[in-house]
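This is work32.txt (compact mmCIF, C-alpha atoms).
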# COMPACT_ATOMS: atom_id res chain seq x y z
CA MET A 1 52.17 -115.02 -72.17
CA LYS A 2 49.04 -115.23 -70.00
CA ASP A 3 47.37 -112.48 -72.05
CA THR A 4 48.51 -114.15 -75.28
CA LEU A 5 46.93 -117.48 -74.35
CA ALA A 6 43.79 -115.68 -73.15
CA ILE A 7 43.39 -114.14 -76.62
CA VAL A 8 43.91 -117.55 -78.28
CA GLU A 9 41.20 -119.01 -76.04
CA LYS A 10 38.94 -116.04 -76.94
CA LEU A 11 39.43 -116.86 -80.64
CA HIS A 12 38.28 -120.39 -79.82
CA ALA A 13 35.32 -119.19 -77.73
CA ASP A 14 34.30 -116.87 -80.58
CA ALA A 15 34.46 -119.84 -83.00
CA ILE A 16 37.22 -118.21 -85.06
CA ILE A 17 39.37 -121.26 -84.47
CA GLY A 18 38.19 -124.81 -83.79
CA PRO A 19 39.86 -127.21 -81.40
CA TYR A 20 43.41 -126.08 -80.68
CA ALA A 21 46.36 -127.01 -78.51
CA VAL A 22 49.51 -125.30 -77.37
CA GLY A 23 52.55 -127.27 -78.55
CA GLY A 24 56.29 -126.73 -78.95
CA ALA A 25 58.46 -125.27 -76.21
CA VAL A 26 55.55 -123.46 -74.55
CA GLY A 27 53.53 -126.69 -74.40
CA ALA A 28 56.55 -128.52 -72.99
CA ALA A 29 56.92 -125.89 -70.25
CA PHE A 30 53.66 -127.13 -68.71
CA TYR A 31 55.48 -130.40 -67.87
CA LEU A 32 59.18 -129.45 -67.73
CA GLU A 33 61.35 -126.60 -66.54
CA PRO A 34 60.70 -123.61 -68.84
CA VAL A 35 63.36 -122.89 -71.47
CA ALA A 36 63.77 -119.76 -73.57
CA THR A 37 61.63 -119.65 -76.68
CA LEU A 38 60.81 -116.86 -79.06
CA ASP A 39 57.33 -117.79 -80.25
CA VAL A 40 54.17 -119.72 -79.42
CA ASP A 41 53.00 -122.65 -81.54
CA ILE A 42 49.22 -123.07 -81.64
CA PHE A 43 48.04 -126.13 -83.54
CA VAL A 44 44.53 -125.76 -84.90
CA LEU A 45 42.16 -128.43 -86.16
CA PHE A 46 39.98 -127.34 -89.08
CA GLU A 47 36.59 -129.08 -88.96
CA PRO A 48 35.44 -130.01 -91.50
CA ALA A 49 38.72 -129.93 -93.41
CA PRO A 50 38.30 -127.30 -96.13
CA LEU A 51 39.29 -127.93 -99.73
CA ILE A 52 41.73 -125.06 -99.57
CA LEU A 53 43.18 -124.42 -96.16
CA THR A 54 43.57 -120.74 -95.36
CA LEU A 55 44.38 -118.85 -92.20
CA THR A 56 42.73 -115.67 -93.47
CA LEU A 57 39.83 -115.87 -90.98
CA ILE A 58 42.28 -116.03 -88.08
CA TYR A 59 44.39 -113.17 -89.45
CA ASP A 60 41.27 -111.03 -90.03
CA ALA A 61 39.91 -111.69 -86.53
CA CYS A 62 43.28 -110.86 -84.98
CA ALA A 63 43.50 -107.65 -87.05
CA ARG A 64 40.07 -106.61 -85.73
CA LEU A 65 41.44 -107.09 -82.20
CA GLY A 66 44.48 -104.98 -83.09
CA TYR A 67 47.02 -107.78 -83.55
CA GLN A 68 49.06 -107.57 -86.72
CA PRO A 69 51.01 -110.22 -88.63
CA GLU A 70 54.78 -110.16 -88.48
CA GLY A 71 56.55 -112.65 -90.71
CA ASP A 72 54.79 -116.00 -90.44
CA ALA A 73 53.30 -115.17 -87.03
CA ILE A 74 50.83 -112.75 -85.46
CA GLN A 75 52.03 -110.50 -82.66
CA ILE A 76 49.60 -111.09 -79.79
CA GLU A 77 50.26 -109.33 -76.50
CA GLY A 78 54.00 -109.24 -77.08
CA TRP A 79 54.47 -112.79 -78.35
CA PRO A 80 54.67 -113.94 -81.98
CA VAL A 81 52.00 -116.62 -82.31
CA GLN A 82 52.13 -119.16 -85.12
CA PHE A 83 48.81 -120.78 -85.96
CA LEU A 84 49.65 -124.15 -87.50
CA PRO A 85 47.00 -126.33 -89.15
CA ALA A 86 46.83 -129.74 -87.46
CA THR A 87 46.60 -131.68 -90.69
CA GLN A 88 49.11 -134.42 -89.94
CA PRO A 89 47.43 -137.40 -88.13
CA LEU A 90 49.68 -137.37 -85.05
CA VAL A 91 49.24 -133.62 -84.56
CA ALA A 92 45.47 -133.86 -85.15
CA GLU A 93 45.27 -136.57 -82.46
CA ALA A 94 47.35 -134.38 -80.13
CA VAL A 95 44.86 -131.53 -80.57
CA CYS A 96 41.84 -133.81 -80.06
CA GLU A 97 43.30 -135.24 -76.85
CA ALA A 98 44.68 -131.97 -75.47
CA THR A 99 44.08 -131.26 -71.79
CA VAL A 100 42.26 -128.16 -70.63
CA ARG A 101 44.15 -126.15 -68.04
CA GLU A 102 42.30 -123.60 -65.94
CA SER A 103 43.71 -121.35 -63.25
CA ALA A 104 43.04 -117.82 -61.98
CA GLY A 105 40.47 -117.18 -64.69
CA LEU A 106 42.72 -118.31 -67.55
CA THR A 107 41.76 -121.30 -69.65
CA THR A 108 44.06 -122.89 -72.21
CA ARG A 109 44.49 -126.21 -73.97
CA VAL A 110 47.80 -128.05 -73.99
CA MET A 111 49.03 -131.17 -75.76
CA SER A 112 49.70 -134.13 -73.49
CA ALA A 113 53.30 -134.85 -72.51
CA GLU A 114 53.13 -138.09 -74.50
CA HIS A 115 51.98 -136.33 -77.68
CA LEU A 116 54.62 -133.63 -77.28
CA MET A 117 57.21 -136.40 -77.02
CA ALA A 118 55.90 -138.25 -80.08
CA ILE A 119 55.84 -135.04 -82.14
CA ALA A 120 59.39 -134.20 -81.01
CA LEU A 121 60.51 -137.68 -82.06
CA GLN A 122 58.78 -137.34 -85.42
CA THR A 123 60.20 -133.85 -86.05
CA GLY A 124 63.65 -135.08 -85.10
CA ARG A 125 65.76 -131.91 -85.02
CA ALA A 126 68.56 -131.61 -82.44
CA LYS A 127 66.40 -129.37 -80.24
CA ASP A 128 63.54 -131.89 -80.44
CA HIS A 129 65.87 -134.67 -79.27
CA ALA A 130 67.08 -132.44 -76.43
CA ARG A 131 63.46 -131.81 -75.37
CA LEU A 132 62.69 -135.52 -75.61
CA ILE A 133 65.61 -136.30 -73.30
CA MET A 134 64.28 -133.73 -70.82
CA PHE A 135 60.88 -135.45 -70.89
CA VAL A 136 62.44 -138.86 -70.26
CA GLU A 137 64.64 -137.57 -67.42
CA ALA A 138 61.71 -135.77 -65.80
CA GLU A 139 59.64 -138.99 -65.78
CA VAL A 140 56.46 -137.03 -66.41
CA ALA A 141 55.08 -139.21 -69.19
CA ASP A 142 52.92 -142.31 -69.08
CA MET A 143 55.25 -144.60 -71.05
CA ASP A 144 52.48 -147.09 -71.89
CA ARG A 145 50.43 -144.27 -73.39
CA LEU A 146 53.51 -143.01 -75.26
CA HIS A 147 54.17 -146.46 -76.74
CA GLY A 148 50.53 -146.66 -77.85
CA ILE A 149 50.86 -143.32 -79.65
CA LEU A 150 54.19 -144.34 -81.21
CA ALA A 151 52.68 -147.62 -82.42
CA ARG A 152 49.62 -145.90 -83.94
CA HIS A 153 51.81 -143.47 -85.86
CA SER A 154 54.55 -145.89 -86.98
CA LEU A 155 57.19 -144.32 -84.76
CA LEU A 156 58.35 -147.34 -82.76
CA ASP A 157 61.45 -147.85 -84.93
CA SER A 158 62.38 -144.18 -84.50
CA TRP A 159 61.94 -144.57 -80.74
CA VAL A 160 64.27 -147.59 -80.62
CA LYS A 161 66.89 -145.61 -82.57
CA PHE A 162 66.44 -142.64 -80.21
CA GLU A 163 66.79 -144.91 -77.16
CA ASN A 164 69.94 -146.55 -78.54
CA ARG A 165 71.50 -143.24 -79.44
CA PHE A 166 70.63 -141.12 -76.40
CA LEU A 167 69.35 -143.21 -73.50
CA LYS A 168 71.65 -146.22 -73.39
CA PRO A 169 75.07 -145.94 -71.73
CA MET B 1 87.53 -134.58 -61.78
CA ASN B 2 86.65 -131.54 -59.71
CA ALA B 3 85.63 -132.77 -56.25
CA ASP B 4 82.79 -130.22 -56.17
CA LEU B 5 81.26 -131.52 -59.39
CA PRO B 6 78.85 -134.09 -57.83
CA SER B 7 77.41 -131.48 -55.47
CA ILE B 8 77.13 -128.96 -58.32
CA ILE B 9 75.25 -131.52 -60.42
CA GLN B 10 72.99 -132.37 -57.47
CA ALA B 11 72.21 -128.69 -56.90
CA LYS B 12 71.38 -128.19 -60.59
CA GLU B 13 69.12 -131.24 -60.58
CA ALA B 14 67.35 -129.96 -57.48
CA GLU B 15 66.81 -126.59 -59.18
CA ARG B 16 65.42 -128.31 -62.30
CA ARG B 17 63.01 -130.32 -60.12
CA ARG B 18 61.92 -127.13 -58.36
CA LEU B 19 61.26 -125.38 -61.68
CA ARG B 20 59.36 -128.38 -63.03
CA ALA B 21 57.12 -128.37 -59.97
CA LEU B 22 56.15 -124.69 -60.31
CA PRO B 23 52.46 -123.94 -61.02
CA TRP B 24 51.94 -123.47 -64.77
CA LEU B 25 50.95 -119.82 -64.41
CA GLU B 26 54.32 -119.12 -62.80
CA LYS B 27 56.01 -121.02 -65.64
CA LEU B 28 54.28 -118.72 -68.14
CA GLU B 29 55.71 -115.71 -66.30
CA MET B 30 59.14 -117.36 -66.47
CA LEU B 31 58.77 -117.78 -70.24
CA ASP B 32 58.14 -114.01 -70.50
CA LYS B 33 61.32 -113.27 -68.56
CA LEU B 34 63.41 -115.84 -70.45
CA ARG B 35 62.28 -114.39 -73.79
CA GLN B 36 63.06 -110.83 -72.71
CA ARG B 37 66.52 -111.92 -71.56
CA HIS B 38 67.13 -113.81 -74.81
CA ILE B 39 66.18 -110.73 -76.87
CA TRP B 40 68.34 -108.49 -74.67
CA LEU B 41 71.32 -110.83 -75.09
CA GLN B 42 70.82 -110.74 -78.87
CA THR B 43 70.96 -106.93 -78.84
CA MET B 44 74.19 -107.06 -76.77
CA ARG B 45 75.91 -109.36 -79.28
CA PRO B 46 78.34 -107.44 -81.51
CA PRO B 47 77.35 -107.43 -85.19
CA THR B 48 79.06 -110.16 -87.20
CA LYS B 49 81.47 -109.02 -89.90
CA GLN B 50 80.20 -109.43 -93.44
CA ARG B 51 82.47 -111.35 -95.79
CA PRO B 52 83.49 -109.35 -98.83
CA ALA B 53 81.56 -110.44 -101.90

Would you mind writing the file out in structure tokens?
Amino acid sequence: MKDTLAIVEKLHADAIIGPYAVGGAVGAAFYLEPVATLDVDIFVLFEPAPLILTLTLIYDACARLGYQPEGDAIQIEGWPVQFLPATQPLVAEAVCEATVRESAGLTTRVMSAEHLMAIALQTGRAKDHARLIMFVEAEVADMDRLHGILARHSLLDSWVKFENRFLKP
Amino acid sequence: MNADLPSIIQAKEAERRRLRALPWLEKLEMLDKLRQRHIWLQTMRPPTKQRPA
């Protein structure tokens, strides 16, 4: 995983991809206990937004580095990596406000806990709800910041429903 | 209720807190191991029987 994220950061440093952020289960692992996941979700902001969005540049750059596509992902250092365009406003904000993590020579960019929670709420699958519960139990989020994000992206009603369903005895 | 249950729950919670507090580089190594184990478990699962068409 370290080598995988190092290659993603290299793609950013080489201007193949613009601002990006690690999301999904791998992003959540930065704040929670790690859980098994099979792939890495990298959300990428395209600036300026092209008329026709294509991932060809990314696929070509990865191919030059020896990383080949497999299904809807690219195999990078043993992990399938999905590059997902951050076109939806909440996801775009999550990429813009991602935090840079640096340690032992590795740099990567990760969505904030609050954005990961908001995206999980918006996505709304069973596994997203389970992750959201883990975030709440871990008390790692700034709840005022989360409520601000939920309000900006019209998710407050969904949050109330989630609270009533999963957090109230 | 099993009398040991509260202590089991407490121990699990303590383990979750320990894992949450790990440095992120160590968490990335854990993700590698968890994925390998998940894939290994999938290979150990017997093939499901196909329904006749």

*Give the residues of chain B that lie within 7 Å of chain A; count only C-alpha atoms, and format the answer as a list of chain:residue names.*
B:Arg16, B:Leu19, B:Arg20, B:Trp24, B:Lys27, B:Leu28, B:Glu29, B:Met30, B:Leu31, B:Asp32, B:Leu34, B:Arg35, B:His38

*Computed interatomic separation between CA of Ala92 (chain A) and CA of Val22 (chain A) (Å)*: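 CA of Val22 (chain A) lies at a distance of 12.3 Å from CA of Ala92 (chain A).
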
_Counting all atoms listed in the file, which residue out of A:Ala63, A:Met134, A:Ile58, A:Ala94 sits closest to Ile149 (chain A)?_
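Ranked by minimum distance to Ile149 (chain A), first place goes to A:Ala94.
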
*What gap, in Å, lies between CA of Leu167 (chain A) and CA of Ala118 (chain A)?*
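So the answer is 15.8 Å.
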
*asked:* I'd like the contact shell of Met143 (chain A) - 12 Å cut-off, all atoms listed in the file, skipping same-chain residues fewer than 4 positions apart - returned as a ChimeraX atom specification.
replied: /A:113-115,117-118,135-136,139,147-150,159

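Using all atoms listed in the file, the residues found no farther than 10 Å from Thr4 (chain A), other than those of its own chain fewer than 2 positions away, are Met1, Lys2, Ala6, Ile7, Val8, Glu9, Lys10, Val40, Gln75, Ile76, Glu77, Gly78, Trp79, Pro80 and Val81 of chain A.
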
*asked:* Can you pull out the residues contacting Asp128 (chain A)? Cut-off 10 Å, using all atoms listed in the file, and skip same-chain residues under 3 positions away; I want them as a VMD selection string.
replied: chain A and resid 24 to 25 116 to 125 131 to 134

*Take the point (66.7, -138.4, -57.9) as written in the file and pick out every residue within 10 Å of it, counting all atoms listed in the file; give the list as a ChimeraX atom specification.*
/A:137-138 /B:10,13-14,17

*If you measure from CA of Asp3 (chain A) to CA of Gly105 (chain A), what distance in Å do you get, rounded to one decimal?*
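CA of Asp3 (chain A) sits 11.1 Å away from CA of Gly105 (chain A).
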
Around all the atoms of region 66-80 of chain A listed in the file, draw an axis-aligned box and extend it by 6 Å on each of the six sides; I want its centre and edge lengths in Å to one decimal, as AutoDock Vina command-line options.
--center_x 50.5 --center_y -110.5 --center_z -83.6 --size_x 24.1 --size_y 23.0 --size_z 26.2

*Can you tell me, as an MDAnalysis selection string, what residues are no more than 9 Å from Phe43 (chain A) when counting all atoms listed in the file, ignoring any on the same chain fewer than 4 positions away?*
chainID A and resid 19:23 82:86 91:92 94:95

Can you take region 56-87 of chain A from the block and write N, CA, C and O atoms as a PDB file, in the first residue's frame?
ATOM      1  N   THR A  56      -7.826   8.713 -19.854  1.00  0.00           N
ATOM      2  CA  THR A  56      -6.797   8.159 -20.751  1.00  0.00           C
ATOM      3  C   THR A  56      -5.390   8.588 -20.342  1.00  0.00           C
ATOM      4  O   THR A  56      -4.461   7.766 -20.347  1.00  0.00           O
ATOM      5  N   LEU A  57      -5.231   9.878 -19.987  1.00  0.00           N
ATOM      6  CA  LEU A  57      -3.897  10.373 -19.593  1.00  0.00           C
ATOM      7  C   LEU A  57      -3.344   9.570 -18.413  1.00  0.00           C
ATOM      8  O   LEU A  57      -2.160   9.226 -18.379  1.00  0.00           O
ATOM      9  N   ILE A  58      -4.215   9.310 -17.455  1.00  0.00           N
ATOM     10  CA  ILE A  58      -3.785   8.560 -16.264  1.00  0.00           C
ATOM     11  C   ILE A  58      -3.411   7.129 -16.658  1.00  0.00           C
ATOM     12  O   ILE A  58      -2.367   6.608 -16.246  1.00  0.00           O
ATOM     13  N   TYR A  59      -4.263   6.509 -17.471  1.00  0.00           N
ATOM     14  CA  TYR A  59      -3.997   5.132 -17.892  1.00  0.00           C
ATOM     15  C   TYR A  59      -2.697   5.057 -18.687  1.00  0.00           C
ATOM     16  O   TYR A  59      -1.893   4.134 -18.516  1.00  0.00           O
ATOM     17  N   ASP A  60      -2.472   6.054 -19.572  1.00  0.00           N
ATOM     18  CA  ASP A  60      -1.245   6.053 -20.384  1.00  0.00           C
ATOM     19  C   ASP A  60      -0.008   6.225 -19.500  1.00  0.00           C
ATOM     20  O   ASP A  60       1.001   5.527 -19.692  1.00  0.00           O
ATOM     21  N   ALA A  61      -0.088   7.155 -18.537  1.00  0.00           N
ATOM     22  CA  ALA A  61       1.064   7.397 -17.658  1.00  0.00           C
ATOM     23  C   ALA A  61       1.362   6.149 -16.827  1.00  0.00           C
ATOM     24  O   ALA A  61       2.524   5.785 -16.636  1.00  0.00           O
ATOM     25  N   CYS A  62       0.312   5.495 -16.345  1.00  0.00           N
ATOM     26  CA  CYS A  62       0.514   4.272 -15.552  1.00  0.00           C
ATOM     27  C   CYS A  62       1.118   3.174 -16.425  1.00  0.00           C
ATOM     28  O   CYS A  62       2.007   2.431 -15.972  1.00  0.00           O
ATOM     29  N   ALA A  63       0.663   3.073 -17.666  1.00  0.00           N
ATOM     30  CA  ALA A  63       1.208   2.049 -18.578  1.00  0.00           C
ATOM     31  C   ALA A  63       2.698   2.280 -18.812  1.00  0.00           C
ATOM     32  O   ALA A  63       3.486   1.327 -18.849  1.00  0.00           O
ATOM     33  N   ARG A  64       3.092   3.562 -18.933  1.00  0.00           N
ATOM     34  CA  ARG A  64       4.519   3.865 -19.121  1.00  0.00           C
ATOM     35  C   ARG A  64       5.345   3.437 -17.901  1.00  0.00           C
ATOM     36  O   ARG A  64       6.505   3.111 -18.006  1.00  0.00           O
ATOM     37  N   LEU A  65       4.702   3.473 -16.729  1.00  0.00           N
ATOM     38  CA  LEU A  65       5.397   3.059 -15.497  1.00  0.00           C
ATOM     39  C   LEU A  65       5.299   1.544 -15.275  1.00  0.00           C
ATOM     40  O   LEU A  65       5.832   1.015 -14.298  1.00  0.00           O
ATOM     41  N   GLY A  66       4.572   0.866 -16.181  1.00  0.00           N
ATOM     42  CA  GLY A  66       4.471  -0.591 -16.091  1.00  0.00           C
ATOM     43  C   GLY A  66       3.248  -1.086 -15.354  1.00  0.00           C
ATOM     44  O   GLY A  66       3.188  -2.267 -14.980  1.00  0.00           O
ATOM     45  N   TYR A  67       2.267  -0.204 -15.119  1.00  0.00           N
ATOM     46  CA  TYR A  67       1.060  -0.605 -14.392  1.00  0.00           C
ATOM     47  C   TYR A  67      -0.111  -0.711 -15.358  1.00  0.00           C
ATOM     48  O   TYR A  67      -0.446   0.253 -16.047  1.00  0.00           O
ATOM     49  N   GLN A  68      -0.706  -1.876 -15.395  1.00  0.00           N
ATOM     50  CA  GLN A  68      -1.727  -2.167 -16.408  1.00  0.00           C
ATOM     51  C   GLN A  68      -3.136  -2.128 -15.821  1.00  0.00           C
ATOM     52  O   GLN A  68      -3.336  -2.450 -14.644  1.00  0.00           O
ATOM     53  N   PRO A  69      -4.111  -1.772 -16.665  1.00  0.00           N
ATOM     54  CA  PRO A  69      -5.499  -1.796 -16.186  1.00  0.00           C
ATOM     55  C   PRO A  69      -5.992  -3.225 -15.975  1.00  0.00           C
ATOM     56  O   PRO A  69      -5.540  -4.153 -16.664  1.00  0.00           O
ATOM     57  N   GLU A  70      -6.879  -3.361 -15.024  1.00  0.00           N
ATOM     58  CA  GLU A  70      -7.521  -4.659 -14.767  1.00  0.00           C
ATOM     59  C   GLU A  70      -8.951  -4.343 -14.351  1.00  0.00           C
ATOM     60  O   GLU A  70      -9.177  -3.790 -13.278  1.00  0.00           O
ATOM     61  N   GLY A  71      -9.892  -4.641 -15.203  1.00  0.00           N
ATOM     62  CA  GLY A  71     -11.278  -4.248 -14.943  1.00  0.00           C
ATOM     63  C   GLY A  71     -11.375  -2.727 -14.957  1.00  0.00           C
ATOM     64  O   GLY A  71     -10.830  -2.080 -15.850  1.00  0.00           O
ATOM     65  N   ASP A  72     -12.033  -2.177 -13.933  1.00  0.00           N
ATOM     66  CA  ASP A  72     -12.172  -0.718 -13.884  1.00  0.00           C
ATOM     67  C   ASP A  72     -11.106  -0.072 -13.001  1.00  0.00           C
ATOM     68  O   ASP A  72     -11.259   1.071 -12.565  1.00  0.00           O
ATOM     69  N   ALA A  73     -10.017  -0.799 -12.758  1.00  0.00           N
ATOM     70  CA  ALA A  73      -8.939  -0.266 -11.917  1.00  0.00           C
ATOM     71  C   ALA A  73      -7.593  -0.440 -12.630  1.00  0.00           C
ATOM     72  O   ALA A  73      -7.520  -1.047 -13.706  1.00  0.00           O
ATOM     73  N   ILE A  74      -6.559   0.131 -12.013  1.00  0.00           N
ATOM     74  CA  ILE A  74      -5.197  -0.085 -12.516  1.00  0.00           C
ATOM     75  C   ILE A  74      -4.418  -0.768 -11.397  1.00  0.00           C
ATOM     76  O   ILE A  74      -4.461  -0.313 -10.243  1.00  0.00           O
ATOM     77  N   GLN A  75      -3.745  -1.850 -11.738  1.00  0.00           N
ATOM     78  CA  GLN A  75      -2.950  -2.567 -10.733  1.00  0.00           C
ATOM     79  C   GLN A  75      -1.667  -1.787 -10.474  1.00  0.00           C
ATOM     80  O   GLN A  75      -0.798  -1.700 -11.345  1.00  0.00           O
ATOM     81  N   ILE A  76      -1.553  -1.216  -9.278  1.00  0.00           N
ATOM     82  CA  ILE A  76      -0.349  -0.454  -8.931  1.00  0.00           C
ATOM     83  C   ILE A  76       0.262  -1.056  -7.672  1.00  0.00           C
ATOM     84  O   ILE A  76      -0.341  -1.028  -6.600  1.00  0.00           O
ATOM     85  N   GLU A  77       1.428  -1.620  -7.835  1.00  0.00           N
ATOM     86  CA  GLU A  77       2.169  -2.216  -6.717  1.00  0.00           C
ATOM     87  C   GLU A  77       1.283  -3.160  -5.896  1.00  0.00           C
ATOM     88  O   GLU A  77       1.244  -3.102  -4.668  1.00  0.00           O
ATOM     89  N   GLY A  78       0.553  -4.004  -6.612  1.00  0.00           N
ATOM     90  CA  GLY A  78      -0.218  -5.052  -5.943  1.00  0.00           C
ATOM     91  C   GLY A  78      -1.627  -4.678  -5.529  1.00  0.00           C
ATOM     92  O   GLY A  78      -2.376  -5.539  -5.067  1.00  0.00           O
ATOM     93  N   TRP A  79      -1.991  -3.413  -5.684  1.00  0.00           N
ATOM     94  CA  TRP A  79      -3.352  -2.998  -5.306  1.00  0.00           C
ATOM     95  C   TRP A  79      -4.106  -2.477  -6.526  1.00  0.00           C
ATOM     96  O   TRP A  79      -3.566  -1.662  -7.280  1.00  0.00           O
ATOM     97  N   PRO A  80      -5.353  -2.895  -6.718  1.00  0.00           N
ATOM     98  CA  PRO A  80      -6.177  -2.267  -7.762  1.00  0.00           C
ATOM     99  C   PRO A  80      -6.549  -0.847  -7.320  1.00  0.00           C
ATOM    100  O   PRO A  80      -7.099  -0.664  -6.234  1.00  0.00           O
ATOM    101  N   VAL A  81      -6.206   0.119  -8.158  1.00  0.00           N
ATOM    102  CA  VAL A  81      -6.478   1.520  -7.820  1.00  0.00           C
ATOM    103  C   VAL A  81      -7.544   2.044  -8.769  1.00  0.00           C
ATOM    104  O   VAL A  81      -7.401   1.961  -9.993  1.00  0.00           O
ATOM    105  N   GLN A  82      -8.612   2.573  -8.198  1.00  0.00           N
ATOM    106  CA  GLN A  82      -9.657   3.200  -9.016  1.00  0.00           C
ATOM    107  C   GLN A  82      -9.488   4.711  -8.953  1.00  0.00           C
ATOM    108  O   GLN A  82      -9.509   5.294  -7.857  1.00  0.00           O
ATOM    109  N   PHE A  83      -9.287   5.325 -10.107  1.00  0.00           N
ATOM    110  CA  PHE A  83      -9.222   6.781 -10.176  1.00  0.00           C
ATOM    111  C   PHE A  83     -10.633   7.279 -10.503  1.00  0.00           C
ATOM    112  O   PHE A  83     -11.177   6.951 -11.563  1.00  0.00           O
ATOM    113  N   LEU A  84     -11.205   8.026  -9.585  1.00  0.00           N
ATOM    114  CA  LEU A  84     -12.605   8.443  -9.720  1.00  0.00           C
ATOM    115  C   LEU A  84     -12.670   9.964  -9.849  1.00  0.00           C
ATOM    116  O   LEU A  84     -12.157  10.684  -8.969  1.00  0.00           O
ATOM    117  N   PRO A  85     -13.249  10.478 -10.917  1.00  0.00           N
ATOM    118  CA  PRO A  85     -13.350  11.925 -11.075  1.00  0.00           C
ATOM    119  C   PRO A  85     -14.203  12.544  -9.966  1.00  0.00           C
ATOM    120  O   PRO A  85     -15.296  12.054  -9.686  1.00  0.00           O
ATOM    121  N   ALA A  86     -13.670  13.599  -9.342  1.00  0.00           N
ATOM    122  CA  ALA A  86     -14.396  14.265  -8.253  1.00  0.00           C
ATOM    123  C   ALA A  86     -15.299  15.329  -8.854  1.00  0.00           C
ATOM    124  O   ALA A  86     -15.067  16.526  -8.712  1.00  0.00           O
ATOM    125  N   THR A  87     -16.340  14.895  -9.512  1.00  0.00           N
ATOM    126  CA  THR A  87     -17.235  15.830 -10.197  1.00  0.00           C
ATOM    127  C   THR A  87     -18.387  16.286  -9.295  1.00  0.00           C
ATOM    128  O   THR A  87     -18.877  17.393  -9.431  1.00  0.00           O
TER     129      THR A  87
END
